[in-house]
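Undergrad: The structure that follows is given in the form of structure tokens.
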Amino acid sequence: MAPTRNDDVDWDSWPVQDYLGENYRELHPSDAAVIAHHSAFYRQLAPASAARSLEFGAGPNLYPLMLAAAASRRIDAVEASATGVAYLTRQLEEPPDASWSPFYELCRSLNPGLPSSLPEALTRVRVVHGDIRALTPGGYDIASMNFVAEGVTEDFTEFTDFCHRFVRSVGPGGHLVAAFMENMPTYRIGPASRWPGCPVDPDVVKEVFAPLTRRLVVTRIDADPTLPDYGDSGMVLLTAVRGPS
């Protein structure tokens, strides 16, 4: 059977509320570990030093946007799914869901340079309804990608293409931070919906990113037993700088 590719999937039917309910209605230990990793990355950057930052395939997860507010004057949350865009837009136009407050408290405790409130941090975000493959290369100073490339295709070549587009979304010397589900198979969210997965591990991530980056650091964390069992074995975390090519 041919692998499911990104364009084979109806992303407008992405089950946002099921996904949030399974993953983000409470602060899980794995979230805290990713936030600590990403916060260390952002603390190395001067406050508001980036004119434009990118969340590459934002989905409904707000904590990468919170984290980016420490170093960014504007954050583009680029998302293809209409349901994801609708959720993000509501979070910006109305008070954010109360479930995000513990996430922001942790983000701010780790990086006091963040604005005093989550709504203030989110004023820097612009929601962009679009395909990340259509982004102009080199348009950003910082790019963040969280649980995207390995969760939108079963095809390893397409996974690699998404990762390389992510790297090239920043100019040479631009900063990159990312998180991947480790060994994520095709998975379910909610009672029935099925979504593509491309299993990757730290060695695979290093192999894919090394040709285009420098200062590449890849680490991992173990699977979180407080989360649903999607078949993954943990998370892979990355920081890097885009190389000259």
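Chains: A, B, ... in order of the structure tokens. Residues: from 1 per chain. Ligands: from 1, in order shown.
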Write out as a list in words each polymer residue whose atoms come within 10 Å of Val148 in chain A, counting only C-alpha atoms; drop sequence neighbours fewer than 4 positions from it.

TA: Phe56, Gly57, Ala58, Gly59, Val152, Thr153, Phe159, Phe162, Cys163, Ala178, Ala179, Phe180, Met181 and Gly197 of chain A

Undergrad: Could you please take those selected residues and save N, CA and C atoms as a tab-separated table (two decimals), in the first residue's frame?

TA:
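Generated file (out.tsv):
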```tsv
chain	number	residue	atom	x	y	z
A	56	PHE	N	5.77	27.10	12.24
A	56	PHE	CA	5.66	26.33	11.00
A	56	PHE	C	4.63	25.22	11.19
A	57	GLY	N	3.37	25.47	10.72
A	57	GLY	CA	2.30	24.52	10.96
A	57	GLY	C	1.81	24.61	12.39
A	58	ALA	N	1.19	25.72	12.74
A	58	ALA	CA	0.94	26.06	14.15
A	58	ALA	C	0.00	25.08	14.85
A	59	GLY	N	-1.05	24.61	14.17
A	59	GLY	CA	-2.05	23.82	14.86
A	59	GLY	C	-2.68	24.63	15.99
A	152	VAL	N	2.26	14.68	9.49
A	152	VAL	CA	1.42	15.11	8.36
A	152	VAL	C	1.63	14.24	7.13
A	153	THR	N	2.46	13.21	7.23
A	153	THR	CA	2.74	12.35	6.09
A	153	THR	C	3.29	11.01	6.60
A	159	PHE	N	8.53	13.91	4.50
A	159	PHE	CA	8.98	14.39	5.81
A	159	PHE	C	10.26	15.21	5.66
A	162	PHE	N	9.56	18.62	4.13
A	162	PHE	CA	8.99	19.56	5.09
A	162	PHE	C	10.09	20.11	6.01
A	163	CYS	N	10.97	19.25	6.48
A	163	CYS	CA	12.05	19.70	7.37
A	163	CYS	C	12.97	20.69	6.66
A	178	ALA	N	12.74	23.02	17.40
A	178	ALA	CA	11.71	22.08	16.96
A	178	ALA	C	11.54	20.95	17.95
A	179	ALA	N	10.37	20.31	17.87
A	179	ALA	CA	10.07	19.10	18.63
A	179	ALA	C	9.34	18.12	17.72
A	180	PHE	N	9.67	16.85	17.86
A	180	PHE	CA	9.09	15.78	17.05
A	180	PHE	C	8.62	14.66	17.99
A	181	MET	N	7.53	14.01	17.63
A	181	MET	CA	7.19	12.76	18.30
A	181	MET	C	8.15	11.69	17.80
A	197	GLY	N	1.49	9.24	10.15
A	197	GLY	CA	2.67	9.41	10.97
A	197	GLY	C	3.88	8.84	10.27
```

Undergrad: Please return as a PyMOL selection string: the residues of range 2-241 of chain A that backbone DSSP assigns to strand (DSSP E).

TA: chain A and resi 53-56+75-79+125-129+140-146+170-182+187-189+193-195+213-222+234-241

Undergrad: Find the residue from A:Val241, A:Ala71, A:Ala40, A:Val127 that sits nearest to Leu110 in chain A; use only C-alpha atoms when measuring.

TA: A:Ala40

Undergrad: Pick out each residue of range 72-193 of chain A that DSSP on the backbone tags as alpha helix (DSSP H); I need them as a VMD selection string.

TA: chain A and resid 82 to 93 101 to 110 118 to 122 156 to 168

Undergrad: Using only C-alpha atoms, pick whichever of A:His28, A:His37, A:Arg124, A:Arg168 has the shortest atom-to-atom distance to Pro102 in chain A.

TA: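 Ranking A:His28, A:His37, A:Arg124, A:Arg168 by distance to Pro102 in chain A, first place goes to A:His28.
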
Undergrad: Hey, which of A:Cys107, A:Val128, A:Leu65, A:Leu54 ends up closest to Tyr140 in chain A? Count only C-alpha atoms.

TA: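 The shortest atom-to-atom distance to Tyr140 in chain A comes from A:Leu54.
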